[in-house]
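structure-v1.pdb follows (PDB, C-alpha atoms and all ligand atoms):
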ATOM      1  CA  MET T 674      -2.254-131.808  79.992  1.00  0.00           C
ATOM      2  CA  SER T 675       0.438-131.880  82.577  1.00  0.00           C
ATOM      3  CA  ALA T 676       0.445-134.773  84.986  1.00  0.00           C
ATOM      4  CA  ARG T 677       0.578-132.206  87.798  1.00  0.00           C
ATOM      5  CA  LEU T 678      -2.558-130.351  86.806  1.00  0.00           C
ATOM      6  CA  PRO T 679      -5.891-131.475  88.240  1.00  0.00           C
ATOM      7  CA  ALA T 680      -7.599-134.436  86.601  1.00  0.00           C
ATOM      8  CA  PRO T 681     -11.342-133.694  86.741  1.00  0.00           C
ATOM      9  CA  ASP T 682     -13.608-136.496  87.956  1.00  0.00           C
ATOM     10  CA  ALA T 683     -17.405-136.801  87.924  1.00  0.00           C
ATOM     11  CA  ASP T 684     -17.752-134.520  90.950  1.00  0.00           C
ATOM     12  CA  SER T 685     -15.241-131.852  89.956  1.00  0.00           C
ATOM     13  CA  ALA T 686     -15.707-131.715  86.164  1.00  0.00           C
ATOM     14  CA  PRO T 687     -18.537-129.124  86.358  1.00  0.00           C
ATOM     15  CA  PHE T 688     -16.270-126.927  88.504  1.00  0.00           C
ATOM     16  CA  TRP T 689     -13.479-127.094  85.911  1.00  0.00           C
ATOM     17  CA  ASP T 690     -15.924-126.560  83.039  1.00  0.00           C
ATOM     18  CA  GLY T 691     -17.161-123.423  84.810  1.00  0.00           C
ATOM     19  CA  LEU T 692     -13.639-122.158  85.301  1.00  0.00           C
ATOM     20  CA  GLU T 693     -13.051-122.336  81.539  1.00  0.00           C
ATOM     21  CA  LYS T 694     -16.093-120.059  81.161  1.00  0.00           C
ATOM     22  CA  GLY T 695     -14.809-117.656  83.799  1.00  0.00           C
ATOM     23  CA  GLU T 696     -17.331-118.878  86.371  1.00  0.00           C
ATOM     24  CA  LEU T 697     -16.646-119.974  89.918  1.00  0.00           C
ATOM     25  CA  ARG T 698     -19.059-122.826  90.658  1.00  0.00           C
ATOM     26  CA  ILE T 699     -19.308-123.836  94.309  1.00  0.00           C
ATOM     27  CA  PRO T 700     -21.341-126.811  95.581  1.00  0.00           C
ATOM     28  CA  GLU T 701     -24.297-125.880  97.776  1.00  0.00           C
ATOM     29  CA  CYS T 702     -26.151-128.426  99.877  1.00  0.00           C
ATOM     30  CA  ARG T 703     -29.809-128.782  98.854  1.00  0.00           C
ATOM     31  CA  ALA T 704     -30.738-129.744 102.427  1.00  0.00           C
ATOM     32  CA  CYS T 705     -28.912-127.298 104.714  1.00  0.00           C
ATOM     33  CA  GLY T 706     -27.708-124.635 102.257  1.00  0.00           C
ATOM     34  CA  ARG T 707     -24.045-124.846 103.179  1.00  0.00           C
ATOM     35  CA  GLN T 708     -21.575-123.981 100.432  1.00  0.00           C
ATOM     36  CA  PHE T 709     -18.342-125.935 100.461  1.00  0.00           C
ATOM     37  CA  PHE T 710     -15.221-126.728  98.488  1.00  0.00           C
ATOM     38  CA  PRO T 711     -13.853-128.897  96.924  1.00  0.00           C
ATOM     39  CA  PRO T 712     -16.780-130.507  95.082  1.00  0.00           C
ATOM     40  CA  ILE T 713     -17.663-133.827  96.710  1.00  0.00           C
ATOM     41  CA  PRO T 714     -20.763-136.022  96.364  1.00  0.00           C
ATOM     42  CA  SER T 715     -22.284-135.134  99.743  1.00  0.00           C
ATOM     43  CA  CYS T 716     -22.461-132.247 102.183  1.00  0.00           C
ATOM     44  CA  PRO T 717     -19.647-132.203 104.764  1.00  0.00           C
ATOM     45  CA  ARG T 718     -22.070-130.765 107.364  1.00  0.00           C
ATOM     46  CA  CYS T 719     -25.232-132.866 107.070  1.00  0.00           C
ATOM     47  CA  GLY T 720     -24.271-135.639 104.656  1.00  0.00           C
ATOM     48  CA  ALA T 721     -27.066-134.955 102.152  1.00  0.00           C
ATOM     49  CA  ALA T 722     -26.157-136.219  98.693  1.00  0.00           C
ATOM     50  CA  GLY T 723     -26.277-134.399  95.405  1.00  0.00           C
ATOM     51  CA  PRO T 724     -25.245-130.800  96.063  1.00  0.00           C
ATOM     52  CA  GLU T 725     -26.202-128.177  93.515  1.00  0.00           C
ATOM     53  CA  LEU T 726     -23.502-126.063  91.891  1.00  0.00           C
ATOM     54  CA  ARG T 727     -23.967-122.319  92.362  1.00  0.00           C
ATOM     55  CA  VAL T 728     -22.162-119.681  90.347  1.00  0.00           C
ATOM     56  CA  VAL T 729     -20.737-117.291  92.933  1.00  0.00           C
ATOM     57  CA  SER T 730     -18.917-113.984  92.647  1.00  0.00           C
ATOM     58  CA  GLY T 731     -15.758-115.336  94.230  1.00  0.00           C
ATOM     59  CA  THR T 732     -15.316-112.427  96.589  1.00  0.00           C
ATOM     60  CA  GLY T 733     -14.062-113.209 100.039  1.00  0.00           C
ATOM     61  CA  ARG T 734     -11.400-112.670 102.645  1.00  0.00           C
ATOM     62  CA  VAL T 735      -7.929-114.143 102.971  1.00  0.00           C
ATOM     63  CA  TYR T 736      -7.569-116.106 106.180  1.00  0.00           C
ATOM     64  CA  SER T 737      -4.099-117.446 105.475  1.00  0.00           C
ATOM     65  CA  TRP T 738      -1.427-117.280 102.816  1.00  0.00           C
ATOM     66  CA  VAL T 739       2.073-118.466 102.004  1.00  0.00           C
ATOM     67  CA  THR T 740       4.654-117.241  99.525  1.00  0.00           C
ATOM     68  CA  ILE T 741       6.600-119.939  97.731  1.00  0.00           C
ATOM     69  CA  HIS T 742      10.236-118.987  97.137  1.00  0.00           C
ATOM     70  CA  LEU T 743      11.678-122.423  96.377  1.00  0.00           C
ATOM     71  CA  THR T 744       9.509-124.907  94.561  1.00  0.00           C
ATOM     72  CA  LEU T 745      10.163-128.618  94.645  1.00  0.00           C
ATOM     73  CA  ASP T 746       8.266-128.984  91.387  1.00  0.00           C
ATOM     74  CA  PRO T 747      10.269-127.889  88.314  1.00  0.00           C
ATOM     75  CA  GLU T 748       7.007-127.084  86.528  1.00  0.00           C
ATOM     76  CA  PHE T 749       6.609-124.019  88.761  1.00  0.00           C
ATOM     77  CA  ALA T 750      10.284-122.978  88.784  1.00  0.00           C
ATOM     78  CA  ASP T 751       9.634-120.007  86.500  1.00  0.00           C
ATOM     79  CA  ASP T 752       6.776-118.802  88.718  1.00  0.00           C
ATOM     80  CA  VAL T 753       8.641-118.281  92.010  1.00  0.00           C
ATOM     81  CA  PRO T 754       8.124-116.355  94.096  1.00  0.00           C
ATOM     82  CA  TYR T 755       4.344-116.778  94.077  1.00  0.00           C
ATOM     83  CA  THR T 756       1.701-116.624  96.772  1.00  0.00           C
ATOM     84  CA  ILE T 757      -1.072-119.088  97.569  1.00  0.00           C
ATOM     85  CA  VAL T 758      -4.056-117.695  99.469  1.00  0.00           C
ATOM     86  CA  ALA T 759      -6.652-119.536 101.532  1.00  0.00           C
ATOM     87  CA  VAL T 760      -9.915-117.674 101.039  1.00  0.00           C
ATOM     88  CA  GLU T 761     -13.142-117.659 103.039  1.00  0.00           C
ATOM     89  CA  LEU T 762     -15.727-117.014 100.317  1.00  0.00           C
ATOM     90  CA  ASP T 763     -18.455-114.487 101.116  1.00  0.00           C
ATOM     91  CA  GLY T 764     -21.207-117.031 100.459  1.00  0.00           C
ATOM     92  CA  GLY T 765     -19.497-119.775 102.434  1.00  0.00           C
ATOM     93  CA  GLY T 766     -16.854-122.311 101.618  1.00  0.00           C
ATOM     94  CA  ARG T 767     -13.120-122.053 101.656  1.00  0.00           C
ATOM     95  CA  MET T 768     -10.735-122.557  98.801  1.00  0.00           C
ATOM     96  CA  LEU T 769      -7.107-122.135  97.820  1.00  0.00           C
ATOM     97  CA  GLY T 770      -5.804-120.249  94.833  1.00  0.00           C
ATOM     98  CA  ARG T 771      -2.868-118.368  93.414  1.00  0.00           C
ATOM     99  CA  LEU T 772      -2.655-114.692  94.332  1.00  0.00           C
ATOM    100  CA  ILE T 773      -2.628-112.789  91.054  1.00  0.00           C
ATOM    101  CA  GLY T 774      -1.021-109.388  90.730  1.00  0.00           C
ATOM    102  CA  ASP T 775       1.234-107.404  92.992  1.00  0.00           C
ATOM    103  CA  GLY T 776       0.971-106.998  96.727  1.00  0.00           C
ATOM    104  CA  LEU T 777       0.551-109.317  99.676  1.00  0.00           C
ATOM    105  CA  PRO T 778      -2.530-109.828 101.826  1.00  0.00           C
ATOM    106  CA  ALA T 779      -2.670-107.764 105.011  1.00  0.00           C
ATOM    107  CA  GLY T 780      -5.007-108.835 107.775  1.00  0.00           C
ATOM    108  CA  GLU T 781      -8.191-110.266 106.318  1.00  0.00           C
ATOM    109  CA  ALA T 782      -7.589-108.768 102.891  1.00  0.00           C
ATOM    110  CA  GLU T 783     -10.559-108.756 100.525  1.00  0.00           C
ATOM    111  CA  VAL T 784     -10.075-110.668  97.301  1.00  0.00           C
ATOM    112  CA  ALA T 785     -11.973-111.387  94.113  1.00  0.00           C
ATOM    113  CA  PHE T 786     -11.886-114.478  91.930  1.00  0.00           C
ATOM    114  CA  ALA T 787      -9.312-114.127  89.136  1.00  0.00           C
ATOM    115  CA  PRO T 788      -8.613-117.365  87.277  1.00  0.00           C
ATOM    116  CA  TYR T 789      -5.210-117.644  85.633  1.00  0.00           C
ATOM    117  CA  ARG T 790      -3.896-119.837  82.866  1.00  0.00           C
ATOM    118  CA  SER T 791      -1.199-122.423  83.391  1.00  0.00           C
ATOM    119  CA  GLY T 792      -0.382-123.989  80.060  1.00  0.00           C
ATOM    120  CA  ASP T 793      -3.663-125.244  78.622  1.00  0.00           C
ATOM    121  CA  GLN T 794      -5.734-125.015  81.787  1.00  0.00           C
ATOM    122  CA  LEU T 795      -7.337-122.262  83.808  1.00  0.00           C
ATOM    123  CA  LEU T 796      -6.693-122.548  87.538  1.00  0.00           C
ATOM    124  CA  PRO T 797      -8.332-120.778  90.486  1.00  0.00           C
ATOM    125  CA  GLY T 798      -6.756-117.516  91.472  1.00  0.00           C
ATOM    126  CA  PHE T 799      -7.628-114.428  93.452  1.00  0.00           C
ATOM    127  CA  ARG T 800      -6.721-110.777  93.180  1.00  0.00           C
ATOM    128  CA  LEU T 801      -6.581-108.306  96.063  1.00  0.00           C
ATOM    129  CA  ARG T 802      -9.618-106.077  95.747  1.00  0.00           C
ATOM    130  CA  SER T 803      -7.562-103.011  96.580  1.00  0.00           C
ATOM    131  CA  THR T 804      -5.452-103.653  93.458  1.00  0.00           C
ATOM    132  CA  GLU T 805      -8.281-104.455  91.031  1.00  0.00           C
ATOM    133  CA  ALA T 806      -8.037-102.546  87.809  1.00  0.00           C
TER     134      ALA T 806
HETATM  135 ZN    ZN T 901     -25.933-130.037 104.165  1.00  0.00          ZN
END
Write out the structure in this file as structure tokens.
Ligand SMILES: [Zn+2]
Amino acid sequence: MSARLPAPDADSAPFWDGLEKGELRIPECRACGRQFFPPIPSCPRCGAAGPELRVVSGTGRVYSWVTIHLTLDPEFADDVPYTIVAVELDGGGRMLGRLIGDGLPAGEAEVAFAPYRSGDQLLPGFRLRSTEA
């Protein structure tokens, strides 16, 4: 595994395990129901411990994005240009991921979860819903 890829810990390992199965697992607070990301031991809204992981569809809307043209990390040199999207998931929670496929988000573009492989590991990605096959 690359030193630059995520190193799962006790809180995030179930998320990464899900990704390998093609599932997007998002923590949901057992007390207030808020979904959030990244996985942490307690709810960022109410502080309740022990969130439950929910498998979600991964659909949502882009609220920001950036296209990388010059990477400072040689590991991604072959990937440029690439786009990172910040997504508001339909069920709640926000997360970042690589935009997969052609096209750029316009307005609050709708996206769907589309994990992609970098070396040995699957990473979170999203595809514009208008370009889904
Ligand atoms: Zn909560």
| Written as an NGL selection string, which residues does the PyMOL selection byres (((not hetatm)) within 7 of (chain T and resi 901)) give for the file shown? | :T and (702-707 or 716-721)
| message | Between CA of Leu692 in chain T and CA of Ser715 in chain T, what distance in Å does the model show, to one decimal? | response |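 Atom-to-atom, CA of Leu692 in chain T to CA of Ser715 in chain T, that is 21.3 Å.
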| query | What is the CA of Gly770 in chain T to CA of Gly723 in chain T distance in Å? | reply | 24.9 Å
| field | Expected selection from the PyMOL selection byres (((chain T and resi 757) around 10) and not hetatm), given as a list of chain:residue names | value |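 This file, filtered by the PyMOL selection byres (((chain T and resi 757) around 10) and not hetatm), leaves T:Ser737, T:Trp738, T:Val739, T:Thr740, T:Ile741, T:Tyr755, T:Thr756, T:Val758, T:Ala759, T:Val760, T:Leu769, T:Gly770, T:Arg771, T:Leu772, T:Ile773, T:Gly798, T:Phe799.
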| query | How many Å separate CA of Lys694 in chain T from CA of Gly764 in chain T? | reply | 20.2 Å
Draw an axis-aligned box tight on the listed atoms of range 785-795 of chain T, then pad every side by 6 Å and write out centre and edge lengths in Å to one decimal as JSON.
{"center_x": -6.2, "center_y": -118.3, "center_z": 86.4, "size_x": 23.6, "size_y": 25.9, "size_z": 27.5}
